[in-house]
>>> print(open('protein_3.pdb').read())   # PDB, C-alpha atoms, pLDDT in the B column
ATOM      1  CA  MET A   2       7.416  19.203 -25.573  1.00 74.00           C
ATOM      2  CA  ASN A   3       8.750  20.352 -22.240  1.00 88.00           C
ATOM      3  CA  PRO A   4      11.305  17.873 -20.792  1.00 89.00           C
ATOM      4  CA  LEU A   5      10.077  18.572 -17.267  1.00 91.00           C
ATOM      5  CA  LEU A   6       6.638  17.392 -18.301  1.00 89.00           C
ATOM      6  CA  ILE A   7       7.969  14.222 -19.971  1.00 89.00           C
ATOM      7  CA  PHE A   8      10.436  13.212 -17.261  1.00 93.00           C
ATOM      8  CA  PHE A   9       8.675  14.360 -14.080  1.00 95.00           C
ATOM      9  CA  ALA A  10       4.991  15.306 -14.275  1.00 95.00           C
ATOM     10  CA  VAL A  11       3.697  12.487 -16.466  1.00 95.00           C
ATOM     11  CA  PRO A  12       5.596   9.691 -14.615  1.00 96.00           C
ATOM     12  CA  VAL A  13       4.414  10.964 -11.211  1.00 97.00           C
ATOM     13  CA  ALA A  14       0.837  11.176 -12.474  1.00 97.00           C
ATOM     14  CA  THR A  15       1.211   7.688 -13.949  1.00 97.00           C
ATOM     15  CA  ILE A  16       2.378   6.267 -10.615  1.00 97.00           C
ATOM     16  CA  ILE A  17      -0.431   7.909  -8.638  1.00 97.00           C
ATOM     17  CA  LEU A  18      -3.135   6.890 -11.099  1.00 97.00           C
ATOM     18  CA  ALA A  19      -1.720   3.358 -11.329  1.00 97.00           C
ATOM     19  CA  ILE A  20      -2.023   3.025  -7.551  1.00 97.00           C
ATOM     20  CA  VAL A  21      -5.633   4.193  -7.673  1.00 97.00           C
ATOM     21  CA  LEU A  22      -6.532   1.951 -10.610  1.00 96.00           C
ATOM     22  CA  GLN A  23      -4.866  -1.045  -8.987  1.00 96.00           C
ATOM     23  CA  LYS A  24      -6.950  -0.545  -5.865  1.00 95.00           C
ATOM     24  CA  VAL A  25     -10.117  -0.271  -7.987  1.00 96.00           C
ATOM     25  CA  LEU A  26      -9.457  -2.924 -10.654  1.00 95.00           C
ATOM     26  CA  ASN A  27      -7.203  -5.251  -8.625  1.00 94.00           C
ATOM     27  CA  SER A  28      -5.418  -6.454 -11.758  1.00 95.00           C
ATOM     28  CA  PRO A  29      -1.985  -5.194 -12.871  1.00 96.00           C
ATOM     29  CA  LEU A  30      -2.607  -6.293 -16.459  1.00 97.00           C
ATOM     30  CA  LEU A  31      -5.813  -4.267 -16.682  1.00 97.00           C
ATOM     31  CA  VAL A  32      -4.023  -1.263 -15.235  1.00 97.00           C
ATOM     32  CA  ALA A  33      -1.239  -1.561 -17.811  1.00 97.00           C
ATOM     33  CA  ALA A  34      -3.719  -2.092 -20.655  1.00 97.00           C
ATOM     34  CA  THR A  35      -5.719   0.962 -19.596  1.00 97.00           C
ATOM     35  CA  PHE A  36      -2.617   3.137 -19.466  1.00 97.00           C
ATOM     36  CA  PHE A  37      -1.384   1.860 -22.809  1.00 97.00           C
ATOM     37  CA  ALA A  38      -4.733   2.608 -24.441  1.00 97.00           C
ATOM     38  CA  VAL A  39      -4.836   6.117 -22.994  1.00 96.00           C
ATOM     39  CA  PHE A  40      -1.224   6.905 -23.895  1.00 96.00           C
ATOM     40  CA  LEU A  41      -1.691   5.450 -27.382  1.00 96.00           C
ATOM     41  CA  ILE A  42      -4.620   7.779 -28.014  1.00 96.00           C
ATOM     42  CA  ILE A  43      -2.684  10.725 -26.586  1.00 94.00           C
ATOM     43  CA  THR A  44       0.304   9.824 -28.768  1.00 93.00           C
ATOM     44  CA  PHE A  45      -1.544  10.146 -32.054  1.00 93.00           C
ATOM     45  CA  VAL A  46      -3.929  12.948 -31.050  1.00 95.00           C
ATOM     46  CA  ALA A  47      -1.550  15.380 -29.374  1.00 92.00           C
ATOM     47  CA  PHE A  48       1.959  14.280 -30.413  1.00 89.00           C
ATOM     48  CA  ASP A  49       3.727  12.436 -33.187  1.00 88.00           C
ATOM     49  CA  ALA A  50       4.873   8.813 -33.397  1.00 88.00           C
ATOM     50  CA  SER A  51       8.081   9.555 -31.475  1.00 89.00           C
ATOM     51  CA  PHE A  52       6.019   9.816 -28.273  1.00 92.00           C
ATOM     52  CA  LEU A  53       5.104   6.140 -28.703  1.00 94.00           C
ATOM     53  CA  VAL A  54       8.390   5.172 -27.000  1.00 95.00           C
ATOM     54  CA  PHE A  55       7.399   7.210 -23.962  1.00 94.00           C
ATOM     55  CA  ALA A  56       3.916   5.665 -24.043  1.00 96.00           C
ATOM     56  CA  ILE A  57       5.453   2.192 -23.805  1.00 96.00           C
ATOM     57  CA  LEU A  58       7.774   3.295 -20.995  1.00 97.00           C
ATOM     58  CA  TYR A  59       4.900   4.863 -19.055  1.00 97.00           C
ATOM     59  CA  THR A  60       2.886   1.665 -19.530  1.00 97.00           C
ATOM     60  CA  LEU A  61       5.745  -0.384 -18.073  1.00 98.00           C
ATOM     61  CA  LEU A  62       5.967   2.079 -15.180  1.00 97.00           C
ATOM     62  CA  ALA A  63       2.234   1.692 -14.507  1.00 97.00           C
ATOM     63  CA  PHE A  64       2.499  -2.111 -14.661  1.00 98.00           C
ATOM     64  CA  ILE A  65       5.453  -2.226 -12.236  1.00 98.00           C
ATOM     65  CA  THR A  66       3.683   0.177  -9.879  1.00 97.00           C
ATOM     66  CA  ALA A  67       0.527  -1.960  -9.961  1.00 97.00           C
ATOM     67  CA  ILE A  68       2.538  -5.107  -9.167  1.00 97.00           C
ATOM     68  CA  ILE A  69       4.232  -3.395  -6.218  1.00 97.00           C
ATOM     69  CA  VAL A  70       0.884  -2.126  -4.882  1.00 96.00           C
ATOM     70  CA  ARG A  71      -0.650  -5.587  -5.246  1.00 95.00           C
ATOM     71  CA  PHE A  72       2.283  -7.132  -3.364  1.00 95.00           C
ATOM     72  CA  LEU A  73       2.029  -4.584  -0.549  1.00 94.00           C
ATOM     73  CA  CYS A  74      -1.747  -5.057  -0.237  1.00 92.00           C
ATOM     74  CA  CYS A  75      -1.323  -8.834  -0.042  1.00 90.00           C
ATOM     75  CA  LEU A  76       1.437  -8.403   2.518  1.00 89.00           C
ATOM     76  CA  ILE A  77      -0.729  -6.182   4.691  1.00 87.00           C
ATOM     77  CA  SER A  78      -3.818  -8.364   4.407  1.00 85.00           C
ATOM     78  CA  ASN A  79      -1.833 -11.473   5.423  1.00 84.00           C
ATOM     79  CA  SER A  80      -0.202  -9.782   8.389  1.00 77.00           C
ATOM     80  CA  ASP A  81      -0.898 -10.925  11.939  1.00 72.00           C
ATOM     81  CA  ASN A  82      -0.108  -7.492  13.313  1.00 70.00           C
ATOM     82  CA  PRO A  83      -3.355  -5.899  14.553  1.00 66.00           C
ATOM     83  CA  CYS A  84      -1.799  -2.444  14.322  1.00 66.00           C
ATOM     84  CA  ILE A  85      -1.351  -2.768  10.564  1.00 63.00           C
ATOM     85  CA  ARG A  86      -4.795  -4.232   9.973  1.00 57.00           C
ATOM     86  CA  ASN A  87      -6.574  -1.775  12.342  1.00 59.00           C
ATOM     87  CA  ILE A  88      -8.118  -4.510  14.452  1.00 56.00           C
ATOM     88  CA  LYS A  89      -8.796  -3.749  18.080  1.00 54.00           C
ATOM     89  CA  ASN A  90      -7.569  -6.678  20.079  1.00 50.00           C
ATOM     90  CA  THR A  91      -9.976  -6.323  22.989  1.00 51.00           C
ATOM     91  CA  GLY A  92      -9.184  -9.739  24.409  1.00 49.00           C
ATOM     92  CA  MET A  93      -5.590  -8.796  25.158  1.00 47.00           C
ATOM     93  CA  CYS A  94      -6.150  -5.151  26.005  1.00 47.00           C
ATOM     94  CA  GLN A  95      -7.168  -3.845  29.320  1.00 48.00           C
ATOM     95  CA  ASP A  96      -7.750  -0.383  30.549  1.00 49.00           C
ATOM     96  CA  ASN A  97      -4.786   0.309  32.779  1.00 49.00           C
ATOM     97  CA  ASN A  98      -6.711   3.007  34.603  1.00 51.00           C
ATOM     98  CA  SER A  99      -9.258   0.527  35.930  1.00 49.00           C
ATOM     99  CA  ALA A 100      -6.606  -2.092  36.667  1.00 49.00           C
ATOM    100  CA  ASN A 101      -4.574   0.351  38.754  1.00 49.00           C
ATOM    101  CA  ASP A 102      -7.361   1.777  40.933  1.00 50.00           C
ATOM    102  CA  ASN A 103      -6.075   0.120  44.071  1.00 51.00           C
ATOM    103  CA  ASN A 104      -2.451  -0.145  43.040  1.00 51.00           C
ATOM    104  CA  GLU A 105      -0.518   3.069  42.502  1.00 51.00           C
ATOM    105  CA  ASP A 106       2.507   1.502  40.832  1.00 50.00           C
ATOM    106  CA  GLU A 107       4.609   4.165  39.126  1.00 49.00           C
ATOM    107  CA  ASN A 108       6.000   1.748  36.563  1.00 49.00           C
ATOM    108  CA  GLN A 109       2.593   1.295  34.918  1.00 49.00           C
ATOM    109  CA  SER A 110       1.587   3.758  32.257  1.00 48.00           C
ATOM    110  CA  ASN A 111      -1.959   5.107  32.213  1.00 49.00           C
ATOM    111  CA  ASN A 112      -2.892   4.222  28.665  1.00 49.00           C
ATOM    112  CA  SER A 113      -4.891   1.448  27.125  1.00 47.00           C
ATOM    113  CA  SER A 114      -2.723   0.539  24.149  1.00 48.00           C
ATOM    114  CA  CYS A 115      -3.009  -2.894  22.658  1.00 50.00           C
ATOM    115  CA  GLY A 116       0.702  -3.383  22.149  1.00 49.00           C
ATOM    116  CA  CYS A 117       0.896  -1.351  18.974  1.00 50.00           C
ATOM    117  CA  ASN A 118       4.088   0.308  20.040  1.00 50.00           C
ATOM    118  CA  ARG A 119       7.218  -1.314  18.743  1.00 49.00           C
ATOM    119  CA  SER A 120       8.813  -2.197  22.073  1.00 47.00           C
ATOM    120  CA  ALA A 121      10.913  -5.313  22.593  1.00 46.00           C
ATOM    121  CA  MET A 122       8.004  -7.280  24.066  1.00 47.00           C
ATOM    122  CA  ASN A 123       5.516  -6.546  21.301  1.00 47.00           C
ATOM    123  CA  PHE A 124       6.909  -8.148  18.172  1.00 49.00           C
ATOM    124  CA  TYR A 125       4.442  -9.761  15.813  1.00 50.00           C
ATOM    125  CA  TYR A 126       5.911 -12.588  13.822  1.00 49.00           C
ATOM    126  CA  PRO A 127       4.575 -13.505  10.396  1.00 53.00           C
ATOM    127  CA  ARG A 128       1.915 -16.152  10.080  1.00 55.00           C
ATOM    128  CA  ARG A 129       3.086 -19.703   9.505  1.00 56.00           C
ATOM    129  CA  TYR A 130       1.194 -21.123   6.576  1.00 56.00           C
ATOM    130  CA  VAL A 131      -0.117 -24.644   6.912  1.00 55.00           C
ATOM    131  CA  ASN A 132      -1.160 -26.819   4.005  1.00 58.00           C
ATOM    132  CA  ARG A 133      -4.867 -27.384   4.406  1.00 57.00           C
ATOM    133  CA  ARG A 134      -6.560 -30.490   3.040  1.00 56.00           C
TER     134      ARG A 134
END
>>> encode(input="protein_3.pdb", output="structure tokens")
Amino acid sequence: MNPLLIFFAVPVATIILAIVLQKVLNSPLLVAATFFAVFLIITFVAFDASFLVFAILYTLLAFITAIIVRFLCCLISNSDNPCIRNIKNTGMCQDNNSANDNNEDENQSNNSSCGCNRSAMNFYYPRRYVNRR
């Protein structure tokens, strides 16, 4: 078997498909079990028993990828930053064009951003978790 296929193409495909399956199944163990079942069938249909080592390694790669994706999705969903979560914060935003009709201040920019730029005044700190009863 081609070493480029074993060491590059199959691991990259495993990572991409593990990300997709994690988003669909939302369970790293199911993702790893699915990959192990597929690679086990491929091992004995297309290759010999020596490919079983690679099947186990690819399964571990899929499991680690699924755990990382799950962690990142939880991190994003628990974020207070409206720019990450794509929430328009209309209560804090104002259209600077309508606010500056009578005032021609040159220091004001003519955009209606909600503070999604990463300037010094627009830091979003992580949520403080409170034990609820």
>>> atom_distance(input="protein_3.pdb", atom1="atom CA of A:Phe64", atom2="atom CA of A:Leu6")
20.3 Å
>>> resolve_selection(input="protein_3.pdb", expression="the PyMOL selection byres ((chain A and resi 32) around 9)", output="list in words")
Ala19, Leu22, Gln23, Leu26, Asn27, Ser28, Pro29, Leu30, Leu31, Ala33, Ala34, Thr35, Phe36, Phe37, Thr60, Ala63, Phe64 and Ala67 of chain A
>>> closest_residue(input="protein_3.pdb", among="A:Lys24, A:Ile68, A:Tyr59, A:Val54", to="A:Ala10", atoms="all atoms listed in the file")
A:Tyr59
>>> atom_distance(input="protein_3.pdb", atom1="atom CA of A:Ser78", atom2="atom CA of A:Ile20")
16.6 Å
>>> closest_residue(input="protein_3.pdb", among="A:Val11, A:Leu18, A:Cys74, A:Met2", to="A:Ala56", atoms="all atoms listed in the file")
A:Val11
>>> closest_residue(input="protein_3.pdb", among="A:Ile43, A:Leu5, A:Ile57, A:Ile16", to="A:Ile69", atoms="all atoms listed in the file")
A:Ile16
>>> atom_distance(input="protein_3.pdb", atom1="atom CA of A:Leu61", atom2="atom CA of A:Thr15")
10.1 Å
>>> closest_residue(input="protein_3.pdb", among="A:Ser80, A:Val70, A:Cys75, A:Thr44", to="A:Val21", atoms="all atoms listed in the file")
A:Val70
>>> closest_residue(input="protein_3.pdb", among="A:Ile7, A:Ile65, A:Leu53, A:Leu76", to="A:Phe40", atoms="only C-alpha atoms")
A:Leu53
>>> closest_residue(input="protein_3.pdb", among="A:Ile77, A:Phe55, A:Leu62, A:Arg71", to="A:Pro4", atoms="all atoms listed in the file")
A:Phe55
